[in-house]
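A.B. asks: Below is the structure I would like to discuss, written out as structure tokens.
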Amino acid sequence: MTDDTISRRELAEQSRLLAEQTDRHAVALESILAILRSARLDDRAARTMATDIAAATLVELRTANDEQTSTLFEPVVGAFARLRSDLRPLVRFGDLDVQFVEPPATGRALPGDVAFAARAIVRSAVLALVDEGESRRVRIQWDCDGLNLLIGIRDDGTGQLSVHDDSLRPIAERVSSLGGDLDVSATAGWGSTMAVRLPLDPPAMPEPLADNDAFSQREREVLRLVASGARNRAIADQLTISPNTVKFHVSNILRKAGVSTRAELAILATANARRP
């Protein structure tokens, strides 16, 4: 493993920890709001509990800032237990009845970014249901098939939820960033179901471009400039051809290389140039 690989991994882990701390701020605030809104508590009890949660959260966050973690994986059962802990104040003091279906204890350990994303996805979904105020019961289930973490969230609301709803956009973007799938089904008057699939392994990197005779000399020149980050106008000026001709060459190169974007093409070309 190279120093660059280690640095990227450490940077990714630091970014994940920062995002998790930010997310815990949001959970703490939602929990405090749930306590203050609760009809089951008088003012004095609500203030006391809200203060306790705020103080405990501050201690936890400050401790986390001082800790350096080397754990890149989480047992699936442990990751699910952390989710239950995060949602406990909402369950205890809110009006939402949450049922948790435990994942199998023998399930594969989750990469840190997947475990964090899974908890954030479920929390975002539950908080969205709380804000809508239409759901009284929600069922949360995790499972593993060896290659993916499978998340199921079902509520008893109005059954009007759609994958295109603005409230689900952050969830859809997070699932997509991990190469997963999000499916939403709803039945009017019976509730909605969200099904999320999160791969446990990162997508395979594309193979580097080989010396392929399918590329013409001009296409190789265009490919070299695309890999350098040059845009179509700059490529056209350097090769003394029109921008439309550049677009034509880029389209052909993408097709022959079996990729769909300039970014993928640049990765392949760069990897090819570094091969011994």
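Chain labels run A, B, ... following the order of the structure tokens; each chain numbers its residues from 1, and ligands are numbered from 1 in the order shown.
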I'd like the contact shell of A:Pro89 - 10 Å cut-off, only C-alpha atoms, skipping same-chain residues fewer than 6 positions apart - returned as an mmCIF file with N, CA and C atoms, in the first residue's frame.
C.D. replies:
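Dumped everything to selection_35.cif:
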data_model
loop_
_atom_site.group_PDB
_atom_site.id
_atom_site.type_symbol
_atom_site.label_atom_id
_atom_site.label_comp_id
_atom_site.auth_asym_id
_atom_site.auth_seq_id
_atom_site.Cartn_x
_atom_site.Cartn_y
_atom_site.Cartn_z
ATOM 1 N N VAL A 27 -29.095 15.131 15.512
ATOM 2 C CA VAL A 27 -29.885 14.170 16.292
ATOM 3 C C VAL A 27 -30.151 14.705 17.697
ATOM 4 N N ALA A 28 -29.112 15.306 18.315
ATOM 5 C CA ALA A 28 -29.279 15.849 19.660
ATOM 6 C C ALA A 28 -30.318 16.960 19.684
ATOM 7 N N GLU A 30 -32.804 17.414 17.528
ATOM 8 C CA GLU A 30 -34.135 16.840 17.308
ATOM 9 C C GLU A 30 -34.639 16.160 18.571
ATOM 10 N N SER A 31 -33.742 15.508 19.299
ATOM 11 C CA SER A 31 -34.136 14.849 20.545
ATOM 12 C C SER A 31 -34.599 15.866 21.583
ATOM 13 N N ILE A 32 -33.868 16.965 21.691
ATOM 14 C CA ILE A 32 -34.251 18.014 22.642
ATOM 15 C C ILE A 32 -35.608 18.598 22.267
ATOM 16 N N LEU A 33 -35.821 18.831 20.969
ATOM 17 C CA LEU A 33 -37.117 19.348 20.524
ATOM 18 C C LEU A 33 -38.240 18.368 20.848
ATOM 19 N N ALA A 34 -37.965 17.060 20.670
ATOM 20 C CA ALA A 34 -38.991 16.055 20.967
ATOM 21 C C ALA A 34 -39.360 16.080 22.444
ATOM 22 N N ILE A 35 -38.361 16.265 23.301
ATOM 23 C CA ILE A 35 -38.620 16.327 24.739
ATOM 24 C C ILE A 35 -39.434 17.574 25.088
ATOM 25 N N MET A 49 -34.436 17.051 31.413
ATOM 26 C CA MET A 49 -34.004 16.027 30.462
ATOM 27 C C MET A 49 -33.302 16.638 29.256
ATOM 28 N N ALA A 50 -33.815 17.771 28.780
ATOM 29 C CA ALA A 50 -33.182 18.443 27.645
ATOM 30 C C ALA A 50 -31.773 18.892 28.006
ATOM 31 N N ILE A 53 -29.405 15.824 28.079
ATOM 32 C CA ILE A 53 -29.020 15.368 26.746
ATOM 33 C C ILE A 53 -28.013 16.324 26.121
#
A.B. asks: So that I can check the surroundings of A:Arg47, please list as a list in words every protein, DNA and RNA residue that reaches within 9 Å of it, counting only C-alpha atoms and ignoring chain neighbours fewer than 4 positions away.
C.D. replies: Ile35, Leu36, Asp42, Asp43, Thr51 and Asp52 of chain A
A.B. asks: Running DSSP on the backbone, which parts of stretch 24-148 of chain A land in strand (DSSP E), as a PDB file with N, CA and C atoms, in the first residue's frame?
C.D. replies:
ATOM      1  N   PHE A  73     -13.945  -0.758  10.338  1.00  0.00           N
ATOM      2  CA  PHE A  73     -15.108  -1.617  10.174  1.00  0.00           C
ATOM      3  C   PHE A  73     -15.896  -1.660  11.479  1.00  0.00           C
ATOM      4  N   GLU A  74     -17.199  -1.889  11.352  1.00  0.00           N
ATOM      5  CA  GLU A  74     -18.068  -2.037  12.516  1.00  0.00           C
ATOM      6  C   GLU A  74     -18.867  -3.315  12.379  1.00  0.00           C
ATOM      7  N   ASP A  97     -44.038   5.292  17.425  1.00  0.00           N
ATOM      8  CA  ASP A  97     -43.750   3.950  17.912  1.00  0.00           C
ATOM      9  C   ASP A  97     -42.809   3.272  16.916  1.00  0.00           C
ATOM     10  N   VAL A  98     -41.568   3.040  17.329  1.00  0.00           N
ATOM     11  CA  VAL A  98     -40.554   2.488  16.432  1.00  0.00           C
ATOM     12  C   VAL A  98     -40.263   1.041  16.808  1.00  0.00           C
ATOM     13  N   GLN A  99     -40.368   0.157  15.817  1.00  0.00           N
ATOM     14  CA  GLN A  99     -40.035  -1.252  16.004  1.00  0.00           C
ATOM     15  C   GLN A  99     -38.725  -1.550  15.284  1.00  0.00           C
ATOM     16  N   PHE A 100     -37.765  -2.127  16.004  1.00  0.00           N
ATOM     17  CA  PHE A 100     -36.460  -2.448  15.431  1.00  0.00           C
ATOM     18  C   PHE A 100     -36.366  -3.951  15.193  1.00  0.00           C
ATOM     19  N   VAL A 101     -35.985  -4.332  13.975  1.00  0.00           N
ATOM     20  CA  VAL A 101     -35.759  -5.734  13.639  1.00  0.00           C
ATOM     21  C   VAL A 101     -34.258  -5.932  13.481  1.00  0.00           C
ATOM     22  N   LEU A 110     -19.444  -4.141   8.668  1.00  0.00           N
ATOM     23  CA  LEU A 110     -19.705  -3.056   7.727  1.00  0.00           C
ATOM     24  C   LEU A 110     -18.519  -2.115   7.646  1.00  0.00           C
ATOM     25  N   PRO A 111     -18.115  -1.712   6.441  1.00  0.00           N
ATOM     26  CA  PRO A 111     -17.122  -0.632   6.336  1.00  0.00           C
ATOM     27  C   PRO A 111     -17.642   0.611   7.054  1.00  0.00           C
ATOM     28  N   ARG A 137     -46.444   4.799  13.566  1.00  0.00           N
ATOM     29  CA  ARG A 137     -45.657   3.590  13.778  1.00  0.00           C
ATOM     30  C   ARG A 137     -44.697   3.411  12.605  1.00  0.00           C
ATOM     31  N   VAL A 138     -43.459   3.009  12.907  1.00  0.00           N
ATOM     32  CA  VAL A 138     -42.471   2.767  11.861  1.00  0.00           C
ATOM     33  C   VAL A 138     -41.675   1.522  12.225  1.00  0.00           C
ATOM     34  N   ARG A 139     -41.364   0.737  11.211  1.00  0.00           N
ATOM     35  CA  ARG A 139     -40.613  -0.512  11.398  1.00  0.00           C
ATOM     36  C   ARG A 139     -39.285  -0.390  10.657  1.00  0.00           C
ATOM     37  N   ILE A 140     -38.183  -0.621  11.382  1.00  0.00           N
ATOM     38  CA  ILE A 140     -36.839  -0.491  10.820  1.00  0.00           C
ATOM     39  C   ILE A 140     -36.161  -1.857  10.851  1.00  0.00           C
ATOM     40  N   GLN A 141     -35.694  -2.290   9.704  1.00  0.00           N
ATOM     41  CA  GLN A 141     -35.076  -3.609   9.607  1.00  0.00           C
ATOM     42  C   GLN A 141     -33.770  -3.523   8.826  1.00  0.00           C
ATOM     43  N   TRP A 142     -32.735  -4.186   9.345  1.00  0.00           N
ATOM     44  CA  TRP A 142     -31.460  -4.336   8.641  1.00  0.00           C
ATOM     45  C   TRP A 142     -31.228  -5.816   8.378  1.00  0.00           C
ATOM     46  N   ASP A 143     -30.602  -6.099   7.234  1.00  0.00           N
ATOM     47  CA  ASP A 143     -30.233  -7.472   6.914  1.00  0.00           C
ATOM     48  C   ASP A 143     -28.980  -7.428   6.039  1.00  0.00           C
ATOM     49  N   CYS A 144     -28.297  -8.542   5.914  1.00  0.00           N
ATOM     50  CA  CYS A 144     -27.102  -8.639   5.070  1.00  0.00           C
ATOM     51  C   CYS A 144     -27.221  -9.873   4.183  1.00  0.00           C
ATOM     52  N   ASN A 148     -24.241  -6.950   0.423  1.00  0.00           N
ATOM     53  CA  ASN A 148     -24.945  -5.687   0.612  1.00  0.00           C
ATOM     54  C   ASN A 148     -25.564  -5.613   1.996  1.00  0.00           C
TER      55      ASN A 148
END
A.B. asks: Out of stretch 95-209 of chain A, which residues get helix (DSSP H, G or I) from DSSP, as a ChimeraX atom specification?
C.D. replies: /A:112-132,166-177
A.B. asks: Kindly export the residues of the current selection with N, CA, C and O atoms, as a tab-separated table (two decimals), in the first residue's frame.
C.D. replies:
chain	number	residue	atom	x	y	z
A	112	GLY	N	-16.73	1.40	7.61
A	112	GLY	CA	-17.13	2.55	8.41
A	112	GLY	C	-18.05	3.50	7.68
A	112	GLY	O	-19.04	3.98	8.26
A	113	ASP	N	-17.76	3.78	6.39
A	113	ASP	CA	-18.59	4.73	5.67
A	113	ASP	C	-19.98	4.18	5.41
A	113	ASP	O	-20.97	4.92	5.43
A	114	VAL	N	-20.09	2.86	5.22
A	114	VAL	CA	-21.41	2.25	5.00
A	114	VAL	C	-22.21	2.27	6.29
A	114	VAL	O	-23.42	2.58	6.29
A	115	ALA	N	-21.57	1.93	7.42
A	115	ALA	CA	-22.27	1.93	8.70
A	115	ALA	C	-22.78	3.32	9.04
A	115	ALA	O	-23.94	3.50	9.47
A	116	PHE	N	-21.93	4.32	8.85
A	116	PHE	CA	-22.34	5.70	9.13
A	116	PHE	C	-23.48	6.13	8.21
A	116	PHE	O	-24.48	6.71	8.65
A	117	ALA	N	-23.35	5.83	6.91
A	117	ALA	CA	-24.39	6.22	5.96
A	117	ALA	C	-25.70	5.53	6.27
A	117	ALA	O	-26.77	6.15	6.18
A	118	ALA	N	-25.64	4.26	6.66
A	118	ALA	CA	-26.86	3.52	6.97
A	118	ALA	C	-27.61	4.16	8.15
A	118	ALA	O	-28.83	4.33	8.12
A	119	ARG	N	-26.86	4.51	9.19
A	119	ARG	CA	-27.51	5.17	10.34
A	119	ARG	C	-28.07	6.52	9.95
A	119	ARG	O	-29.19	6.89	10.35
A	120	ALA	N	-27.31	7.28	9.15
A	120	ALA	CA	-27.78	8.60	8.73
A	120	ALA	C	-29.03	8.49	7.86
A	120	ALA	O	-29.95	9.31	7.98
A	121	ILE	N	-29.08	7.50	7.00
A	121	ILE	CA	-30.25	7.30	6.14
A	121	ILE	C	-31.49	7.02	6.98
A	121	ILE	O	-32.55	7.61	6.76
A	122	VAL	N	-31.35	6.11	7.93
A	122	VAL	CA	-32.51	5.77	8.77
A	122	VAL	C	-32.93	6.96	9.61
A	122	VAL	O	-34.13	7.27	9.73
A	123	ARG	N	-31.95	7.65	10.21
A	123	ARG	CA	-32.30	8.83	11.02
A	123	ARG	C	-33.00	9.88	10.19
A	123	ARG	O	-34.01	10.47	10.62
A	124	SER	N	-32.50	10.13	8.98
A	124	SER	CA	-33.13	11.13	8.12
A	124	SER	C	-34.56	10.74	7.78
A	124	SER	O	-35.46	11.58	7.77
A	125	ALA	N	-34.76	9.46	7.51
A	125	ALA	CA	-36.11	8.99	7.17
A	125	ALA	C	-37.06	9.14	8.36
A	125	ALA	O	-38.19	9.62	8.21
A	126	VAL	N	-36.59	8.76	9.54
A	126	VAL	CA	-37.44	8.86	10.74
A	126	VAL	C	-37.75	10.31	11.07
A	126	VAL	O	-38.89	10.66	11.39
A	127	LEU	N	-36.74	11.18	10.98
A	127	LEU	CA	-36.97	12.59	11.26
A	127	LEU	C	-37.93	13.20	10.25
A	127	LEU	O	-38.74	14.06	10.61
A	128	ALA	N	-37.87	12.76	8.99
A	128	ALA	CA	-38.81	13.25	7.99
A	128	ALA	C	-40.23	12.82	8.35
A	128	ALA	O	-41.19	13.60	8.19
A	129	LEU	N	-40.38	11.60	8.85
A	129	LEU	CA	-41.71	11.12	9.25
A	129	LEU	C	-42.23	11.90	10.45
A	129	LEU	O	-43.42	12.21	10.54
A	130	VAL	N	-41.32	12.22	11.38
A	130	VAL	CA	-41.72	13.02	12.56
A	130	VAL	C	-42.19	14.40	12.12
A	130	VAL	O	-43.20	14.92	12.61
A	131	ASP	N	-41.46	15.01	11.19
A	131	ASP	CA	-41.82	16.35	10.73
A	131	ASP	C	-43.18	16.35	10.03
A	131	ASP	O	-43.96	17.31	10.17
A	132	GLU	N	-43.46	15.29	9.27
A	132	GLU	CA	-44.75	15.22	8.57
A	132	GLU	C	-45.90	15.05	9.54
A	132	GLU	O	-47.01	15.55	9.33
A	166	ASP	N	-39.10	15.78	-1.98
A	166	ASP	CA	-37.95	16.57	-1.57
A	166	ASP	C	-37.35	16.07	-0.27
A	166	ASP	O	-36.12	16.15	-0.07
A	167	SER	N	-38.18	15.54	0.62
A	167	SER	CA	-37.68	15.08	1.92
A	167	SER	C	-36.75	13.88	1.77
A	167	SER	O	-35.93	13.61	2.66
A	168	LEU	N	-36.87	13.15	0.66
A	168	LEU	CA	-36.04	11.97	0.45
A	168	LEU	C	-34.82	12.25	-0.43
A	168	LEU	O	-34.00	11.36	-0.65
A	169	ARG	N	-34.71	13.47	-0.93
A	169	ARG	CA	-33.60	13.79	-1.83
A	169	ARG	C	-32.23	13.57	-1.18
A	169	ARG	O	-31.34	12.96	-1.80
A	170	PRO	N	-32.01	14.05	0.07
A	170	PRO	CA	-30.70	13.78	0.69
A	170	PRO	C	-30.42	12.29	0.84
A	170	PRO	O	-29.27	11.86	0.70
A	171	ILE	N	-31.45	11.51	1.13
A	171	ILE	CA	-31.27	10.07	1.26
A	171	ILE	C	-30.89	9.47	-0.08
A	171	ILE	O	-29.96	8.66	-0.18
A	172	ALA	N	-31.60	9.85	-1.13
A	172	ALA	CA	-31.32	9.33	-2.47
A	172	ALA	C	-29.90	9.67	-2.90
A	172	ALA	O	-29.20	8.84	-3.49
A	173	GLU	N	-29.45	10.89	-2.60
A	173	GLU	CA	-28.10	11.30	-2.99
A	173	GLU	C	-27.05	10.50	-2.22
A	173	GLU	O	-26.02	10.10	-2.79
A	174	ARG	N	-27.30	10.25	-0.94
A	174	ARG	CA	-26.32	9.49	-0.15
A	174	ARG	C	-26.26	8.04	-0.62
A	174	ARG	O	-25.17	7.46	-0.72
A	175	VAL	N	-27.41	7.45	-0.91
A	175	VAL	CA	-27.44	6.07	-1.40
A	175	VAL	C	-26.71	5.98	-2.73
A	175	VAL	O	-25.90	5.07	-2.97
A	176	SER	N	-26.97	6.94	-3.61
A	176	SER	CA	-26.33	6.94	-4.93
A	176	SER	C	-24.82	7.09	-4.82
A	176	SER	O	-24.07	6.46	-5.56
A	177	SER	N	-24.35	7.91	-3.87
A	177	SER	CA	-22.91	8.14	-3.73
A	177	SER	C	-22.17	6.87	-3.33
A	177	SER	O	-20.97	6.75	-3.56
A.B. asks: Taking into account only C-alpha atoms, which residue in the set A:Arg92, A:Arg24, A:Phe215, A:Val226 is nearest to A:Leu41?
C.D. replies: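 Of A:Arg92, A:Arg24, A:Phe215, A:Val226, the one nearest A:Leu41 is A:Arg92, counting only C-alpha atoms.
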A.B. asks: Leaving out A:Gly159 and any residue of its chain fewer than 3 positions from it, which residues lie within 10 Å of it when counting only C-alpha atoms, given as a list in words?
C.D. replies: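 With the cut-off at 10 Å, the set is Glu134, Ser135, Asp155, Asp156, Ser162, Ser185, Ala186, Thr187, Ala188, Gly189, Trp190, Gly191, Ser192 and Thr193 of chain A.
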A.B. asks: How far is it from atom CA of A:Asn232 to atom CA of A:Ala214, in Å with one decimal?
C.D. replies: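 Result for atom CA of A:Asn232 versus atom CA of A:Ala214: 21.5 Å, one decimal.
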